[in-house]
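Student: This is the structure I want to talk about, given as structure tokens.
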Amino acid sequence: MNDARRTVLVRDWGVDLAIGSGCAVFMALLGPFGSYFNGPLWQRILFQFGCFLPGILLYGSLIRLILGWELKPAAKWAAIVGMTAVVNAPFQLWVTYLALSIWPFLKILTPVDWYLQDLVTTLPVVVAFTLLIQARLRKRRLAGEAGQAPPTPYGLLGAAPATVLCLQMEDHYVRVHTLGGSRLVLMTLSQAMAIMEKADGLQVHRSWWIARKAVVRTMTHGRNLRLELVNGIVAPVSRSAVAVVRAAGWMSDEG
């Protein structure tokens with residue numbers, strides 16, 4: 001592992017542990033499942049830190065492992081939820097030991113009680129961290145793709161306006177689609193459309209600009225309208241833009 005990757009990894013885990021620490025303090029103040037009455041605040045903070053910090057390390061590692069499998073969304077979330085339900089069983093042994101070390105009178109709770117309480121607490125945190133880590137990885141992937149794009153003689157857009165089929169906004173980037181493929185550029189959709197101002201096309205969605213020549217047919221599903229393009233992409237049309245698309249004569253093949 002090179003120094004740059006090591007620095008990113010340390011920063012990521014530092015952020016995750018800092019967020020986990022904030023969650024621990026919040027939960028200590030909240031005192032869920034009656035723990036508010038178990039003892040003074042310092043005991044609740046000690047307990048929550050003892051739960052959250054190892055939990056962040058354990059579940060955070062497993063989340064990264066599952067996201068690395070590049071599963072489809074449904075399979076990914078099924079794996080995340082399943083992993084949480086399974087790993088929560090051995091992890092609650094540590095939680096139970098820690099709680100009984102601070103509050104021995106909690107021995108009246110059964111293993112099922114501990115498991116369910118831990119699962120109710122853990123699952124939302126795991127889901128939140130999955131979304132955070134996923135967004136972090138996506139941002140870096142887009143930045144890497146944009147940074148690797150070779151220079152072209154066509155300025156910021158990276159392609160001759162006459163060859164552009166559509167512009168698709170992705171976070172802080174715009175994906176420029178042509179028949180030859182796509183290229184990610186760092187700019188706003190408004191900036192990209194300004195370059196395309198002389199081209200025959202429309203902004204059909206807050207994230208899409210489409211060239212007229214790219215449209216093969218329009219497709220309607222109830223009140224939803226989509227445009228099929230020559231490169232196989234199906235682009236959404238916002239309801240506010242349907243009238244504009246119709247007025248431009250793009251819906252002659254509607255079906």
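Numbering starts fresh at 1 for the residues of each chain in the structure tokens, the chains themselves are lettered A, B, ... in the order given, and ligands are numbered from 1 as they appear.
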With a distance cut-off of 7 Å and only C-alpha atoms, select the neighbouring residues of region 110-115 of chain A, excluding the residue or stretch itself and same-chain residues fewer than 4 positions from it, and output the selection as a PyMOL selection string.
Tutor: chain A and resi 88-89+92+96+119
Student: Filtering to C-alpha atoms, could you give me those residues as a PDB file, in the first residue's frame?
Tutor:
ATOM      1  CA  ASN A  88     -24.865  -9.246  15.898  1.00  0.00           C
ATOM      2  CA  ALA A  89     -25.138 -12.632  17.660  1.00  0.00           C
ATOM      3  CA  GLN A  92     -23.885  -9.007  21.614  1.00  0.00           C
ATOM      4  CA  THR A  96     -23.624  -8.147  27.390  1.00  0.00           C
ATOM      5  CA  LEU A 119     -30.030  -5.433  16.490  1.00  0.00           C
TER       6      LEU A 119
END
Student: If you run DSSP over the backbone, which residues in region 2-230 of chain A end up helix (DSSP H, G or I)? Put them as an MDAnalysis selection string.
Tutor: chainID A and resid 3:30 32:37 41:67 73:102 104:108 111:148 155:157 161:163 189:195 212:214
Student: Which is closer to Ile63 (chain A) than all the others in A:Ala75, A:Met27, A:Val126, A:Val87, using only C-alpha atoms?
Tutor: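 That would be A:Val126, the residue with the smallest distance to Ile63 (chain A).
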Student: Could you please write out, as a list in words, every residue of region 63-176 of chain A that DSSP assigns to strand (DSSP E)?
Tutor: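 Residues of region 63-176 of chain A classed as strand (DSSP E): Val164, Leu165, Cys166, Leu167, Gln168, Met169, Glu170, Tyr173, Val174, Arg175 and Val176 of chain A.
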Student: How would the residues just picked look written out with N, CA and C atoms as a JSON list (two decimals), in the first residue's frame?
Tutor:
[["chain", "number", "residue", "atom", "x", "y", "z"],
["A", 164, "VAL", "N", -21.93, 14.99, -29.85],
["A", 164, "VAL", "CA", -22.54, 14.74, -28.54],
["A", 164, "VAL", "C", -23.98, 14.29, -28.71],
["A", 165, "LEU", "N", -24.31, 13.17, -28.09],
["A", 165, "LEU", "CA", -25.68, 12.66, -28.10],
["A", 165, "LEU", "C", -26.48, 13.15, -26.91],
["A", 166, "CYS", "N", -25.84, 13.15, -25.75],
["A", 166, "CYS", "CA", -26.53, 13.64, -24.55],
["A", 166, "CYS", "C", -25.51, 13.98, -23.48],
["A", 167, "LEU", "N", -25.96, 14.76, -22.52],
["A", 167, "LEU", "CA", -25.17, 15.14, -21.36],
["A", 167, "LEU", "C", -25.91, 14.64, -20.12],
["A", 168, "GLN", "N", -25.18, 13.96, -19.24],
["A", 168, "GLN", "CA", -25.79, 13.37, -18.05],
["A", 168, "GLN", "C", -25.04, 13.85, -16.81],
["A", 169, "MET", "N", -25.72, 14.48, -15.90],
["A", 169, "MET", "CA", -25.09, 14.98, -14.69],
["A", 169, "MET", "C", -24.88, 13.83, -13.70],
["A", 170, "GLU", "N", -23.69, 13.74, -13.14],
["A", 170, "GLU", "CA", -23.36, 12.76, -12.10],
["A", 170, "GLU", "C", -22.59, 13.48, -11.00],
["A", 173, "TYR", "N", -20.02, 16.21, -11.71],
["A", 173, "TYR", "CA", -19.45, 15.95, -13.03],
["A", 173, "TYR", "C", -20.57, 15.86, -14.08],
["A", 174, "VAL", "N", -20.15, 15.91, -15.33],
["A", 174, "VAL", "CA", -21.07, 15.69, -16.45],
["A", 174, "VAL", "C", -20.48, 14.58, -17.32],
["A", 175, "ARG", "N", -21.31, 13.58, -17.61],
["A", 175, "ARG", "CA", -20.88, 12.51, -18.51],
["A", 175, "ARG", "C", -21.33, 12.89, -19.92],
["A", 176, "VAL", "N", -20.37, 13.01, -20.82],
["A", 176, "VAL", "CA", -20.63, 13.39, -22.20],
["A", 176, "VAL", "C", -20.70, 12.11, -23.04]]
Student: Env of region 219-235 of chain A: 12 Å cut, atoms = only C-alpha atoms, seq-sep filter 4 positions within chain, self excluded. Answer as a PyMOL selection string.
Tutor: chain A and resi 164-169+177-182+202-215+239-243+245-246+250-255
Student: Let me make sure I understand: among A:Gly34, A:Pro54, A:Pro40, A:Gly147, which one has the smallest atom-to-atom distance to Gly20 (chain A) if we use only C-alpha atoms?
Tutor: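 Checking each of A:Gly34, A:Pro54, A:Pro40, A:Gly147 against Gly20 (chain A), counting only C-alpha atoms, the winner is A:Pro54.
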Student: If you count only C-alpha atoms, which residues fall within 12 Å of Trp103 (chain A), apart from same-chain ones fewer than 3 positions away, as a list of chain:residue names?
Tutor: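 Skipping anything fewer than 3 positions along the chain leaves A:Ser35, A:Phe37, A:Asn38, A:Gly39, A:Pro40, A:Gln43, A:Arg44, A:Leu46, A:Phe47, A:Val95, A:Thr96, A:Tyr97, A:Leu98, A:Ala99, A:Leu100, A:Leu106, A:Lys107, A:Ile108, A:Leu109.
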Student: Report as a list in words all protein, DNA and RNA residues lying within 10 Å of Gly60 (chain A), evaluated on only C-alpha atoms, omitting residues in the same chain fewer than 6 positions from it.
Tutor: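 Within the cut-off, the hits are Trp13, Asp16, Leu17, Pro54, Val126, Phe129, Thr130 and Ile133 of chain A.
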Student: Could you list, as a PyMOL selection string, every residue within 10 Å of Cys23 (chain A), counting only C-alpha atoms and ignoring same-chain residues fewer than 4 positions away?
Tutor: chain A and resi 17-19+27-29+48-49+52-53+125
Student: Can you spit out the residues from that selection as a CSV table (one decimal), in the first residue's frame, using N, CA and C atoms?
Tutor:
chain,number,residue,atom,x,y,z
A,17,LEU,N,-14.7,6.8,12.9
A,17,LEU,CA,-14.6,6.6,14.4
A,17,LEU,C,-15.1,7.9,15.1
A,18,ALA,N,-14.8,9.1,14.4
A,18,ALA,CA,-15.3,10.3,15.0
A,18,ALA,C,-16.8,10.4,15.0
A,19,ILE,N,-17.4,9.9,13.8
A,19,ILE,CA,-18.9,9.9,13.8
A,19,ILE,C,-19.4,8.9,14.8
A,27,MET,N,-26.3,8.5,22.1
A,27,MET,CA,-27.0,7.4,22.7
A,27,MET,C,-26.9,7.4,24.2
A,28,ALA,N,-25.8,7.8,24.7
A,28,ALA,CA,-25.6,7.9,26.2
A,28,ALA,C,-26.6,8.9,26.8
A,29,LEU,N,-26.7,10.1,26.1
A,29,LEU,CA,-27.6,11.1,26.5
A,29,LEU,C,-29.1,10.6,26.4
A,48,GLN,N,-21.5,3.1,25.9
A,48,GLN,CA,-21.7,3.3,24.5
A,48,GLN,C,-20.4,3.4,23.7
A,49,PHE,N,-19.4,4.0,24.3
A,49,PHE,CA,-18.1,4.0,23.6
A,49,PHE,C,-17.6,2.6,23.4
A,52,PHE,N,-19.7,1.2,20.5
A,52,PHE,CA,-19.6,1.9,19.2
A,52,PHE,C,-18.3,1.7,18.5
A,53,LEU,N,-17.2,2.0,19.3
A,53,LEU,CA,-15.9,2.0,18.6
A,53,LEU,C,-15.5,0.6,18.1
A,125,VAL,N,-27.5,2.1,12.2
A,125,VAL,CA,-26.2,2.6,12.1
A,125,VAL,C,-25.4,2.0,11.0
Student: I'd like the neighbourhood of region 78-84 of chain A as a PyMOL selection string, where a residue qualifies if any of its atoms comes within 10 Å (using only C-alpha atoms), though same-chain residues fewer than 5 positions away should be ignored.
Tutor: chain A and resi 59+62-63+66-67+71-73+89+91+119+122-124+126-127+130
Student: Could you check how far CA of Gln191 (chain A) sits from CA of Glu145 (chain A), in Å to one decimal?
Tutor: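 Interatomic distance here is 19.3 Å.
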Student: What does the distance between CA of Val216 (chain A) and CA of Thr163 (chain A) come to in Å, to one decimal place?
Tutor: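 Between these atoms lies a distance of 15.9 Å.
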Student: Quote the spacing between CA of Val15 (chain A) and CA of His172 (chain A) in Å to one decimal place.
Tutor: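 Separating CA of Val15 (chain A) from CA of His172 (chain A) is a distance of 22.0 Å.
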Student: Tell me which of A:Phe105, A:Ala194, A:Arg64, A:Leu9 sits closest to Leu132 (chain A), counting only C-alpha atoms.
Tutor: A:Arg64
